[in-house]
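To be precise, the following lines are start.cif, and they hold mmCIF, C-alpha atoms and all ligand atoms.
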data_upload
#
loop_
_atom_site.group_PDB
_atom_site.id
_atom_site.type_symbol
_atom_site.label_atom_id
_atom_site.label_comp_id
_atom_site.auth_asym_id
_atom_site.auth_seq_id
_atom_site.Cartn_x
_atom_site.Cartn_y
_atom_site.Cartn_z
ATOM 1 C CA MET A 1 46.274 108.488 -37.868
ATOM 2 C CA ALA A 2 44.727 109.263 -41.206
ATOM 3 C CA LYS A 3 40.968 109.271 -41.495
ATOM 4 C CA ALA A 4 41.123 106.704 -44.285
ATOM 5 C CA GLN A 5 42.519 104.191 -41.840
ATOM 6 C CA LEU A 6 39.793 104.860 -39.340
ATOM 7 C CA ALA A 7 37.177 103.964 -41.929
ATOM 8 C CA ASP A 8 37.837 100.306 -41.289
ATOM 9 C CA THR A 9 36.046 99.631 -38.027
ATOM 10 C CA TYR A 10 33.766 97.061 -36.541
ATOM 11 C CA ILE A 11 30.517 96.849 -38.379
ATOM 12 C CA SER A 12 27.655 98.046 -36.164
ATOM 13 C CA PRO A 13 24.965 95.571 -35.023
ATOM 14 C CA GLU A 14 22.448 97.336 -37.292
ATOM 15 C CA GLN A 15 24.787 97.114 -40.273
ATOM 16 C CA LEU A 16 25.532 93.495 -39.446
ATOM 17 C CA THR A 17 21.857 92.595 -39.503
ATOM 18 C CA VAL A 18 21.522 94.073 -42.962
ATOM 19 C CA THR A 19 24.730 92.347 -44.016
ATOM 20 C CA ILE A 20 23.681 88.882 -42.880
ATOM 21 C CA THR A 21 20.368 89.099 -44.659
ATOM 22 C CA GLY A 22 21.954 90.653 -47.746
ATOM 23 C CA PRO A 23 23.480 89.025 -50.808
ATOM 24 C CA THR A 24 26.609 86.899 -50.885
ATOM 25 C CA VAL A 25 29.314 86.856 -53.494
ATOM 26 C CA SER A 26 31.073 83.758 -54.813
ATOM 27 C CA VAL A 27 34.840 83.908 -54.957
ATOM 28 C CA SER A 28 36.931 81.208 -56.585
ATOM 29 C CA VAL A 29 40.382 81.045 -55.028
ATOM 30 C CA GLY A 30 43.737 79.387 -55.628
ATOM 31 C CA ALA A 31 45.048 76.901 -58.139
ATOM 32 C CA ASP A 32 42.125 74.556 -57.426
ATOM 33 C CA LEU A 33 39.592 77.391 -57.669
ATOM 34 C CA LYS A 34 38.004 76.610 -54.317
ATOM 35 C CA ILE A 35 34.647 78.389 -54.031
ATOM 36 C CA TYR A 36 33.927 80.661 -51.059
ATOM 37 C CA ARG A 37 30.666 82.472 -50.513
ATOM 38 C CA VAL A 38 31.015 85.577 -48.396
ATOM 39 C CA HIS A 39 28.634 88.369 -47.526
ATOM 40 C CA LYS A 40 28.990 91.060 -50.126
ATOM 41 C CA ALA A 41 28.435 93.996 -47.769
ATOM 42 C CA LEU A 42 31.141 92.747 -45.401
ATOM 43 C CA LEU A 43 33.579 92.400 -48.259
ATOM 44 C CA ILE A 44 32.876 95.912 -49.521
ATOM 45 C CA HIS A 45 33.009 97.344 -45.986
ATOM 46 C CA HIS A 46 36.413 95.873 -45.163
ATOM 47 C CA ALA A 47 37.911 95.651 -48.653
ATOM 48 C CA PRO A 48 36.514 98.510 -50.738
ATOM 49 C CA GLY A 49 38.948 97.736 -53.555
ATOM 50 C CA PHE A 50 37.371 94.321 -53.963
ATOM 51 C CA LYS A 51 34.241 95.627 -55.649
ATOM 52 C CA MET A 52 36.379 96.752 -58.562
ATOM 53 C CA ARG A 53 37.158 93.179 -59.415
ATOM 54 C CA ARG A 54 34.710 92.085 -62.057
ATOM 55 C CA PRO A 55 33.939 88.475 -62.774
ATOM 56 C CA ASN A 56 35.734 87.742 -66.010
ATOM 57 C CA GLN A 57 35.094 84.193 -67.078
ATOM 58 C CA SER A 58 32.426 82.562 -64.963
ATOM 59 C CA PRO A 59 29.438 84.908 -64.604
ATOM 60 C CA GLY A 60 28.750 85.790 -60.980
ATOM 61 C CA ILE A 61 32.010 84.368 -59.656
ATOM 62 C CA VAL A 62 35.061 86.464 -58.820
ATOM 63 C CA LEU A 63 38.165 84.534 -59.842
ATOM 64 C CA LEU A 64 41.344 84.809 -57.748
ATOM 65 C CA PRO A 65 43.533 81.938 -58.987
ATOM 66 C CA ALA A 66 46.764 83.663 -57.934
ATOM 67 C CA ILE A 67 45.711 84.019 -54.284
ATOM 68 C CA GLU A 68 46.443 81.037 -52.037
ATOM 69 C CA THR A 69 43.472 79.675 -50.145
ATOM 70 C CA GLY A 70 45.510 79.999 -46.934
ATOM 71 C CA VAL A 71 45.717 83.741 -47.528
ATOM 72 C CA PHE A 72 42.031 84.049 -48.418
ATOM 73 C CA ASN A 73 41.145 82.120 -45.246
ATOM 74 C CA LEU A 74 42.851 84.850 -43.221
ATOM 75 C CA LEU A 75 40.786 87.495 -45.005
ATOM 76 C CA VAL A 76 37.529 85.611 -44.380
ATOM 77 C CA HIS A 77 38.425 85.266 -40.687
ATOM 78 C CA TYR A 78 39.056 88.994 -40.562
ATOM 79 C CA LEU A 79 35.833 89.851 -42.408
ATOM 80 C CA TYR A 80 33.712 88.101 -39.824
ATOM 81 C CA ILE A 81 35.454 88.939 -36.546
ATOM 82 C CA GLN A 82 38.121 91.565 -37.419
ATOM 83 C CA THR A 83 41.028 89.639 -35.977
ATOM 84 C CA ILE A 84 43.828 87.360 -37.085
ATOM 85 C CA PRO A 85 44.252 84.524 -34.562
ATOM 86 C CA ASN A 86 47.603 84.444 -32.805
ATOM 87 C CA GLU A 87 49.767 81.373 -32.805
ATOM 88 C CA GLU A 88 48.755 80.102 -29.409
ATOM 89 C CA GLY A 89 46.958 76.954 -30.303
ATOM 90 C CA ASP A 90 46.990 76.230 -33.969
ATOM 91 C CA ALA A 91 44.153 78.348 -35.380
ATOM 92 C CA PHE A 92 46.561 80.469 -37.415
ATOM 93 C CA LEU A 93 48.272 77.413 -38.891
ATOM 94 C CA ILE A 94 44.939 75.788 -39.708
ATOM 95 C CA LEU A 95 43.896 78.932 -41.558
ATOM 96 C CA ILE A 96 47.093 79.117 -43.610
ATOM 97 C CA GLU A 97 46.824 75.360 -44.212
ATOM 98 C CA ARG A 98 50.101 74.416 -42.583
ATOM 99 C CA GLN A 99 51.050 72.199 -39.643
ATOM 100 C CA MET A 100 53.461 72.337 -36.731
ATOM 101 C CA ASP A 101 56.877 70.984 -37.680
ATOM 102 C CA ALA A 102 58.258 67.735 -36.235
ATOM 103 C CA GLY A 103 59.603 69.611 -33.203
ATOM 104 C CA GLY A 104 56.178 71.037 -32.395
ATOM 105 C CA PHE A 105 57.036 74.556 -33.563
ATOM 106 C CA ALA A 106 55.228 76.757 -36.041
ATOM 107 C CA PRO A 107 56.996 76.705 -39.419
ATOM 108 C CA ILE A 108 58.204 80.305 -39.284
ATOM 109 C CA TRP A 109 59.005 80.630 -42.978
ATOM 110 C CA ASP A 110 55.499 79.504 -43.908
ATOM 111 C CA VAL A 111 54.085 81.963 -41.381
ATOM 112 C CA LEU A 112 56.199 84.771 -42.821
ATOM 113 C CA TRP A 113 55.264 83.821 -46.389
ATOM 114 C CA ALA A 114 51.568 83.875 -45.481
ATOM 115 C CA CYS A 115 51.871 87.259 -43.737
ATOM 116 C CA ILE A 116 53.736 88.864 -46.643
ATOM 117 C CA SER A 117 51.284 87.408 -49.183
ATOM 118 C CA ALA A 118 48.269 88.462 -47.128
ATOM 119 C CA TYR A 119 49.644 91.981 -46.694
ATOM 120 C CA GLN A 120 50.170 92.335 -50.417
ATOM 121 C CA PHE A 121 46.657 91.039 -51.077
ATOM 122 C CA ALA A 122 45.298 93.522 -48.508
ATOM 123 C CA GLN A 123 46.923 96.348 -50.445
ATOM 124 C CA GLU A 124 45.471 95.132 -53.731
ATOM 125 C CA ILE A 125 41.925 95.193 -52.357
ATOM 126 C CA SER A 126 42.362 98.297 -50.139
ATOM 127 C CA ALA A 127 41.683 96.260 -47.007
ATOM 128 C CA THR A 128 43.420 98.644 -44.609
ATOM 129 C CA GLY A 129 42.277 97.039 -41.373
ATOM 130 C CA PHE A 130 43.065 93.546 -42.593
ATOM 131 C CA GLY A 131 46.536 94.668 -43.691
ATOM 132 C CA ALA A 132 47.149 96.252 -40.286
ATOM 133 C CA ALA A 133 45.992 93.077 -38.515
ATOM 134 C CA VAL A 134 48.368 90.989 -40.627
ATOM 135 C CA ASN A 135 51.267 93.388 -40.039
ATOM 136 C CA ASN A 136 50.605 93.459 -36.315
ATOM 137 C CA HIS A 137 50.334 89.689 -36.177
ATOM 138 C CA LEU A 138 53.727 89.322 -37.807
ATOM 139 C CA VAL A 139 55.374 91.959 -35.618
ATOM 140 C CA GLY A 140 53.891 90.389 -32.493
ATOM 141 C CA GLU A 141 54.643 86.783 -33.311
ATOM 142 C CA TRP A 142 57.935 86.943 -35.173
ATOM 143 C CA PRO A 143 60.680 85.454 -32.976
ATOM 144 C CA ASP A 144 63.644 87.862 -32.798
ATOM 145 C CA GLY A 145 66.811 86.622 -34.372
ATOM 146 C CA SER A 146 65.114 83.969 -36.472
ATOM 147 C CA CYS A 147 67.109 85.081 -39.463
ATOM 148 C CA GLU A 148 70.121 83.345 -38.025
ATOM 149 C CA LEU A 149 68.451 79.999 -38.494
ATOM 150 C CA ASN A 150 68.551 80.162 -42.244
ATOM 151 C CA SER A 151 69.317 83.398 -43.962
ATOM 152 C CA GLY A 152 68.820 81.908 -47.421
ATOM 153 C CA ALA A 153 65.127 81.390 -46.698
ATOM 154 C CA LYS A 154 64.898 84.828 -45.159
ATOM 155 C CA GLN A 155 66.430 86.453 -48.191
ATOM 156 C CA SER A 156 63.939 84.956 -50.612
ATOM 157 C CA LEU A 157 61.126 86.184 -48.369
ATOM 158 C CA LEU A 158 62.717 89.610 -48.075
ATOM 159 C CA ALA A 159 62.790 89.727 -51.861
ATOM 160 C CA LYS A 160 59.084 88.799 -51.967
ATOM 161 C CA ALA A 161 58.210 91.496 -49.431
ATOM 162 C CA PHE A 162 59.617 94.107 -51.781
ATOM 163 C CA GLU A 163 58.005 92.731 -54.952
ATOM 164 C CA GLY A 164 55.887 95.110 -56.930
ATOM 165 C CA GLY A 165 57.859 98.204 -55.999
ATOM 166 C CA ARG A 166 55.510 99.334 -53.235
ATOM 167 C CA GLN A 167 57.636 101.245 -50.768
ATOM 168 C CA GLY A 168 56.999 102.738 -47.411
ATOM 169 C CA GLN A 169 55.408 99.856 -45.528
ATOM 170 C CA VAL A 170 56.426 99.524 -41.917
ATOM 171 C CA MET A 171 56.459 95.734 -42.476
ATOM 172 C CA GLN A 172 59.265 96.154 -44.994
ATOM 173 C CA GLN A 173 61.292 98.218 -42.522
ATOM 174 C CA PHE A 174 60.598 95.625 -39.822
ATOM 175 C CA LEU A 175 62.040 92.909 -42.060
ATOM 176 C CA ILE A 176 65.057 95.018 -43.028
ATOM 177 C CA ASP A 177 65.787 95.845 -39.382
ATOM 178 C CA ASP A 178 65.343 92.243 -38.283
ATOM 179 C CA TYR A 179 67.562 91.022 -41.083
ATOM 180 C CA CYS A 180 70.289 93.547 -40.278
ATOM 181 C CA GLU A 181 70.329 92.565 -36.631
ATOM 182 C CA SER A 182 70.988 88.928 -37.434
ATOM 183 C CA ASP A 183 74.366 87.438 -38.112
ATOM 184 C CA TRP A 184 74.919 87.651 -41.845
ATOM 185 C CA ASP A 185 77.799 85.208 -41.742
ATOM 186 C CA ASP A 186 75.771 82.400 -40.283
ATOM 187 C CA GLY A 187 73.480 81.557 -43.135
ATOM 188 C CA GLU A 188 73.635 79.870 -46.430
ATOM 189 C CA GLY A 189 72.465 83.053 -48.068
ATOM 190 C CA ASP A 190 72.426 83.860 -51.693
ATOM 191 C CA GLU A 191 72.513 87.627 -51.682
ATOM 192 C CA GLY A 192 71.932 87.563 -55.414
ATOM 193 C CA GLU A 193 68.230 87.293 -54.573
ATOM 194 C CA LEU A 194 68.154 90.722 -53.015
ATOM 195 C CA SER A 195 67.334 93.656 -55.237
ATOM 196 C CA ALA A 196 69.538 96.751 -55.307
ATOM 197 C CA ASN A 197 66.786 98.570 -53.397
ATOM 198 C CA VAL A 198 66.765 96.009 -50.578
ATOM 199 C CA ARG A 199 70.545 95.996 -50.374
ATOM 200 C CA LEU A 200 70.600 99.782 -50.238
ATOM 201 C CA ARG A 201 68.104 99.773 -47.397
ATOM 202 C CA CYS A 202 70.147 97.160 -45.548
ATOM 203 C CA MET A 203 73.205 99.376 -45.943
ATOM 204 C CA ARG A 204 71.327 102.367 -44.560
ATOM 205 C CA ARG A 205 70.145 100.359 -41.579
ATOM 206 C CA LEU A 206 73.589 98.917 -40.892
ATOM 207 C CA LYS A 207 75.057 102.411 -41.036
ATOM 208 C CA GLU A 208 72.435 103.593 -38.550
ATOM 209 C CA LEU A 209 73.385 100.794 -36.198
ATOM 210 C CA VAL A 210 77.069 101.802 -36.413
ATOM 211 C CA VAL A 211 76.778 105.570 -36.106
ATOM 212 C CA GLN A 212 73.677 105.630 -33.903
ATOM 213 C CA PRO A 213 73.769 102.505 -31.740
ATOM 214 C CA GLN A 214 70.819 103.964 -29.849
ATOM 215 C CA ALA A 215 68.674 103.524 -32.979
ATOM 216 C CA ASN A 216 67.975 99.929 -32.023
ATOM 217 C CA SER A 217 64.741 98.272 -32.923
ATOM 218 C CA GLU A 218 63.559 97.937 -29.322
ATOM 219 C CA LEU A 219 62.749 101.646 -29.364
ATOM 220 C CA ARG A 220 60.847 101.342 -32.623
ATOM 221 C CA CYS A 221 57.183 100.523 -33.020
ATOM 222 C CA TYR A 222 56.386 98.475 -36.101
ATOM 223 C CA LEU A 223 52.663 98.186 -35.407
ATOM 224 C CA GLU A 224 50.073 99.781 -37.642
ATOM 225 C CA HIS A 225 47.846 101.616 -35.177
ATOM 226 C CA VAL A 226 44.361 101.845 -36.639
ATOM 227 C CA ALA A 227 42.247 102.736 -33.607
ATOM 228 C CA GLU A 228 41.985 106.445 -32.925
ATOM 229 C CA GLY A 229 44.425 107.696 -30.284
ATOM 230 C CA GLU A 230 46.349 104.422 -30.122
ATOM 231 C CA ARG A 231 49.437 105.783 -31.814
ATOM 232 C CA ASP A 232 49.528 108.898 -29.617
ATOM 233 C CA ALA A 233 49.350 106.682 -26.543
ATOM 234 C CA CYS A 234 52.201 104.465 -27.727
ATOM 235 C CA PRO A 235 55.530 105.525 -26.179
ATOM 236 C CA LYS A 236 57.725 104.146 -28.957
ATOM 237 C CA LEU A 237 59.060 105.823 -32.106
ATOM 238 C CA HIS A 238 57.042 105.496 -35.299
ATOM 239 C CA MET A 239 58.115 105.361 -38.887
ATOM 240 C CA ARG A 240 57.915 108.090 -41.470
ATOM 241 C CA PHE A 241 59.010 106.898 -44.875
ATOM 242 C CA ASP A 242 61.510 109.324 -46.365
ATOM 243 C CA ASP A 243 61.093 109.172 -50.138
ATOM 244 C CA SER A 244 64.340 111.012 -50.783
ATOM 245 C CA ILE A 245 66.411 108.238 -49.225
ATOM 246 C CA ARG A 246 63.777 105.507 -49.692
ATOM 247 C CA HIS A 247 64.108 104.478 -46.067
ATOM 248 C CA GLY A 248 62.088 104.612 -42.868
ATOM 249 C CA VAL A 249 62.939 107.328 -40.352
ATOM 250 C CA PHE A 250 61.732 106.782 -36.782
ATOM 251 C CA GLU A 251 60.752 109.821 -34.761
HETATM 252 ZN ZN ZN B 301 53.269 102.300 -31.606
#
Do you think you could lay out the structure here as structure tokens?
Amino acid sequence: MAKAQLADTYISPEQLTVTITGPTVSVSVGADLKIYRVHKALLIHHAPGFKMRRPNQSPGIVLLPAIETGVFNLLVHYLYIQTIPNEEGDAFLILIERQMDAGGFAPIWDVLWACISAYQFAQEISATGFGAAVNNHLVGEWPDGSCELNSGAKQSLLAKAFEGGRQGQVMQQFLIDDYCESDWDDGEGDEGELSANVRLRCMRRLKELVVQPQANSELRCYLEHVAEGERDACPKLHMRFDDSIRHGVFE
């Protein structure tokens, strides 16, 4: 694992003491510009790209109107205890400001939307550990075969996951693989929402499944291993993004 990814670790007790007694920064988030005050040193430690954001209108306040408060809540949770809560209980749903549906289940499309949005935000602010935690949460909690429930919803989220042209995320490959293993005929899909790039990657994955049936996703690891040695200890195959074919290769 690259050194850059190891930089995001628990803050030491000594550093934490300095952090708690140090300055806070005000961040105004979402359409309603909700104000959060977070410890500046924690923000810089876990999201080094954040310091580049200069207050533009209100002096002393960083404005993030395009970020949903549910997504920022996940970041704040991560800043203070370096985890994303799983979906046992409803801590995750409370953070993303959603509720169980009438059947008592987590609203999976809202969960997926929040994870994709949070991952994209993590990339914007160089929050490597937070991004990994979000990716790993999604991979761990996503119920296999959910695409079959409503492929129209899945397609719009797939399109969102590939917004901005950033390629090479294991989360994107996870979504492609999951999508390709669902029954395409079952949904009310509008494939017009999928970009040529996403369709091409679906084609590559479907071809893999035909010519190499052993390339199934059970053998693939979609986690982002951040801790040193974790990836080497993992028995599954890991992704290398092949730029020439714009697709993930597992080896
Ligand atoms: Zn692994």
Could you tell me which residues the PyMOL selection byres (((chain A and resi 199-210) around 12) and not hetatm) grabs in this file, written as a CSV table (one decimal) with C-alpha atoms, in the coordinates of the input?
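To be explicit, this is the file written out as selection-v7.csv:
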chain,number,residue,atom,x,y,z
A,155,GLN,CA,66.4,86.5,-48.2
A,158,LEU,CA,62.7,89.6,-48.1
A,159,ALA,CA,62.8,89.7,-51.9
A,162,PHE,CA,59.6,94.1,-51.8
A,167,GLN,CA,57.6,101.2,-50.8
A,168,GLY,CA,57.0,102.7,-47.4
A,172,GLN,CA,59.3,96.2,-45.0
A,173,GLN,CA,61.3,98.2,-42.5
A,174,PHE,CA,60.6,95.6,-39.8
A,175,LEU,CA,62.0,92.9,-42.1
A,176,ILE,CA,65.1,95.0,-43.0
A,177,ASP,CA,65.8,95.8,-39.4
A,178,ASP,CA,65.3,92.2,-38.3
A,179,TYR,CA,67.6,91.0,-41.1
A,180,CYS,CA,70.3,93.5,-40.3
A,181,GLU,CA,70.3,92.6,-36.6
A,182,SER,CA,71.0,88.9,-37.4
A,183,ASP,CA,74.4,87.4,-38.1
A,184,TRP,CA,74.9,87.7,-41.8
A,191,GLU,CA,72.5,87.6,-51.7
A,192,GLY,CA,71.9,87.6,-55.4
A,193,GLU,CA,68.2,87.3,-54.6
A,194,LEU,CA,68.2,90.7,-53.0
A,195,SER,CA,67.3,93.7,-55.2
A,196,ALA,CA,69.5,96.8,-55.3
A,197,ASN,CA,66.8,98.6,-53.4
A,198,VAL,CA,66.8,96.0,-50.6
A,211,VAL,CA,76.8,105.6,-36.1
A,212,GLN,CA,73.7,105.6,-33.9
A,213,PRO,CA,73.8,102.5,-31.7
A,214,GLN,CA,70.8,104.0,-29.8
A,215,ALA,CA,68.7,103.5,-33.0
A,216,ASN,CA,68.0,99.9,-32.0
A,217,SER,CA,64.7,98.3,-32.9
A,241,PHE,CA,59.0,106.9,-44.9
A,242,ASP,CA,61.5,109.3,-46.4
A,245,ILE,CA,66.4,108.2,-49.2
A,246,ARG,CA,63.8,105.5,-49.7
A,247,HIS,CA,64.1,104.5,-46.1
A,248,GLY,CA,62.1,104.6,-42.9
A,249,VAL,CA,62.9,107.3,-40.4
A,250,PHE,CA,61.7,106.8,-36.8
Contacts to ligand ZN 301 (chain B) at 7 Å cut-off (all atoms listed in the file) as a JSON list (two decimals) with C-alpha atoms, in the coordinates of the input:
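Printed below is result_35.json as written:
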[["chain", "number", "residue", "atom", "x", "y", "z"],
["A", 221, "CYS", "CA", 57.18, 100.52, -33.02],
["A", 222, "TYR", "CA", 56.39, 98.48, -36.10],
["A", 223, "LEU", "CA", 52.66, 98.19, -35.41],
["A", 225, "HIS", "CA", 47.85, 101.62, -35.18],
["A", 231, "ARG", "CA", 49.44, 105.78, -31.81],
["A", 234, "CYS", "CA", 52.20, 104.46, -27.73],
["A", 235, "PRO", "CA", 55.53, 105.52, -26.18],
["A", 236, "LYS", "CA", 57.72, 104.15, -28.96],
["A", 237, "LEU", "CA", 59.06, 105.82, -32.11],
["A", 238, "HIS", "CA", 57.04, 105.50, -35.30]]
Please, which residues in region 44-116 of chain A fall within 7 Å of region 26-37 of chain A when counting all atoms listed in the file, and what is the closest atom pair and distance in Å to one decimal for each, ordered by chain then residue number, as JSON lines?
{"residue": "A:Gly60", "atom": "CA", "partner": "A:Ser26", "partner_atom": "CA", "distance": 6.9}
{"residue": "A:Ile61", "atom": "CA", "partner": "A:Ser26", "partner_atom": "CA", "distance": 5.0}
{"residue": "A:Val62", "atom": "CA", "partner": "A:Val27", "partner_atom": "CA", "distance": 4.6}
{"residue": "A:Leu63", "atom": "CA", "partner": "A:Ser28", "partner_atom": "CA", "distance": 4.8}
{"residue": "A:Leu64", "atom": "CA", "partner": "A:Val29", "partner_atom": "CA", "distance": 4.7}
{"residue": "A:Pro65", "atom": "CA", "partner": "A:Gly30", "partner_atom": "CA", "distance": 4.2}
{"residue": "A:Ala66", "atom": "CA", "partner": "A:Gly30", "partner_atom": "CA", "distance": 5.7}
{"residue": "A:Ile67", "atom": "CA", "partner": "A:Gly30", "partner_atom": "CA", "distance": 5.2}
{"residue": "A:Glu68", "atom": "CA", "partner": "A:Gly30", "partner_atom": "CA", "distance": 4.8}
{"residue": "A:Thr69", "atom": "CA", "partner": "A:Gly30", "partner_atom": "CA", "distance": 5.5}
Can you list what the PyMOL selection byres (((chain A and resi 129) around 12) and not hetatm) grabs from this structure, as an mmCIF file with C-alpha atoms, keeping the file's coordinate frame?
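This is the output file selection_34.cif:
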data_model
loop_
_atom_site.group_PDB
_atom_site.id
_atom_site.type_symbol
_atom_site.label_atom_id
_atom_site.label_comp_id
_atom_site.auth_asym_id
_atom_site.auth_seq_id
_atom_site.Cartn_x
_atom_site.Cartn_y
_atom_site.Cartn_z
ATOM 1 C CA ALA A 4 41.123 106.704 -44.285
ATOM 2 C CA GLN A 5 42.519 104.191 -41.840
ATOM 3 C CA LEU A 6 39.793 104.860 -39.340
ATOM 4 C CA ALA A 7 37.177 103.964 -41.929
ATOM 5 C CA ASP A 8 37.837 100.306 -41.289
ATOM 6 C CA THR A 9 36.046 99.631 -38.027
ATOM 7 C CA TYR A 10 33.766 97.061 -36.541
ATOM 8 C CA HIS A 45 33.009 97.344 -45.986
ATOM 9 C CA HIS A 46 36.413 95.873 -45.163
ATOM 10 C CA ALA A 47 37.911 95.651 -48.653
ATOM 11 C CA PRO A 48 36.514 98.510 -50.738
ATOM 12 C CA LEU A 75 40.786 87.495 -45.005
ATOM 13 C CA TYR A 78 39.056 88.994 -40.562
ATOM 14 C CA LEU A 79 35.833 89.851 -42.408
ATOM 15 C CA ILE A 81 35.454 88.939 -36.546
ATOM 16 C CA GLN A 82 38.121 91.565 -37.419
ATOM 17 C CA THR A 83 41.028 89.639 -35.977
ATOM 18 C CA ILE A 84 43.828 87.360 -37.085
ATOM 19 C CA ALA A 118 48.269 88.462 -47.128
ATOM 20 C CA TYR A 119 49.644 91.981 -46.694
ATOM 21 C CA ALA A 122 45.298 93.522 -48.508
ATOM 22 C CA GLN A 123 46.923 96.348 -50.445
ATOM 23 C CA ILE A 125 41.925 95.193 -52.357
ATOM 24 C CA SER A 126 42.362 98.297 -50.139
ATOM 25 C CA ALA A 127 41.683 96.260 -47.007
ATOM 26 C CA THR A 128 43.420 98.644 -44.609
ATOM 27 C CA PHE A 130 43.065 93.546 -42.593
ATOM 28 C CA GLY A 131 46.536 94.668 -43.691
ATOM 29 C CA ALA A 132 47.149 96.252 -40.286
ATOM 30 C CA ALA A 133 45.992 93.077 -38.515
ATOM 31 C CA VAL A 134 48.368 90.989 -40.627
ATOM 32 C CA ASN A 135 51.267 93.388 -40.039
ATOM 33 C CA ASN A 136 50.605 93.459 -36.315
ATOM 34 C CA GLU A 224 50.073 99.781 -37.642
ATOM 35 C CA HIS A 225 47.846 101.616 -35.177
ATOM 36 C CA VAL A 226 44.361 101.845 -36.639
ATOM 37 C CA ALA A 227 42.247 102.736 -33.607
#
Residue contacts of region 107-109 of chain A (10 Å, all atoms listed in the file) excluding same-chain residues fewer than 2 positions away, as a PyMOL selection string: chain A and resi 93+98-105+111-115+141-143+146-147+150+153-154+157
Output for the residues just chosen: C-alpha atoms as a PDB file, keeping the file's coordinate frame:
ATOM      1  CA  LEU A  93      48.272  77.413 -38.891  1.00  0.00           C
ATOM      2  CA  ARG A  98      50.101  74.416 -42.583  1.00  0.00           C
ATOM      3  CA  GLN A  99      51.050  72.199 -39.643  1.00  0.00           C
ATOM      4  CA  MET A 100      53.461  72.337 -36.731  1.00  0.00           C
ATOM      5  CA  ASP A 101      56.877  70.984 -37.680  1.00  0.00           C
ATOM      6  CA  ALA A 102      58.258  67.735 -36.235  1.00  0.00           C
ATOM      7  CA  GLY A 103      59.603  69.611 -33.203  1.00  0.00           C
ATOM      8  CA  GLY A 104      56.178  71.037 -32.395  1.00  0.00           C
ATOM      9  CA  PHE A 105      57.036  74.556 -33.563  1.00  0.00           C
ATOM     10  CA  VAL A 111      54.085  81.963 -41.381  1.00  0.00           C
ATOM     11  CA  LEU A 112      56.199  84.771 -42.821  1.00  0.00           C
ATOM     12  CA  TRP A 113      55.264  83.821 -46.389  1.00  0.00           C
ATOM     13  CA  ALA A 114      51.568  83.875 -45.481  1.00  0.00           C
ATOM     14  CA  CYS A 115      51.871  87.259 -43.737  1.00  0.00           C
ATOM     15  CA  GLU A 141      54.643  86.783 -33.311  1.00  0.00           C
ATOM     16  CA  TRP A 142      57.935  86.943 -35.173  1.00  0.00           C
ATOM     17  CA  PRO A 143      60.680  85.454 -32.976  1.00  0.00           C
ATOM     18  CA  SER A 146      65.114  83.969 -36.472  1.00  0.00           C
ATOM     19  CA  CYS A 147      67.109  85.081 -39.463  1.00  0.00           C
ATOM     20  CA  ASN A 150      68.551  80.162 -42.244  1.00  0.00           C
ATOM     21  CA  ALA A 153      65.127  81.390 -46.698  1.00  0.00           C
ATOM     22  CA  LYS A 154      64.898  84.828 -45.159  1.00  0.00           C
ATOM     23  CA  LEU A 157      61.126  86.184 -48.369  1.00  0.00           C
TER      24      LEU A 157
END
Please measure the separation of CA of Val38 (chain A) and CA of Leu16 (chain A), giving the value in Å to one decimal.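 So the answer is 13.1 Å.
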CA of Gln120 (chain A) to CA of Pro23 (chain A), distance in Å rounded to a single decimal: 26.9 Å
I'd like the contact shell of Thr19 (chain A) - 8 Å cut-off, all atoms listed in the file, skipping same-chain residues fewer than 4 positions apart - returned as a list in words.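 So the residues in contact are Gln15, Pro23, His39, Lys40, Ala41 and Leu42 of chain A.
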Limited to C-alpha atoms, could you put the picked residues into a file as a PDB file, in the coordinates of the input?
ATOM      1  CA  GLN A  15      24.787  97.114 -40.273  1.00  0.00           C
ATOM      2  CA  PRO A  23      23.480  89.025 -50.808  1.00  0.00           C
ATOM      3  CA  HIS A  39      28.634  88.369 -47.526  1.00  0.00           C
ATOM      4  CA  LYS A  40      28.990  91.060 -50.126  1.00  0.00           C
ATOM      5  CA  ALA A  41      28.435  93.996 -47.769  1.00  0.00           C
ATOM      6  CA  LEU A  42      31.141  92.747 -45.401  1.00  0.00           C
TER       7      LEU A  42
END
So what do you get for CA of Ser117 (chain A) versus CA of Ser244 (chain A), distance-wise?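 One can read the CA of Ser117 (chain A) to CA of Ser244 (chain A) distance as 27.0 Å.
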Shortest interatomic distance to Ile11 (chain A) - which of A:Leu43, A:Arg220, A:Ala161, A:Val25, counting all atoms listed in the file: A:Leu43
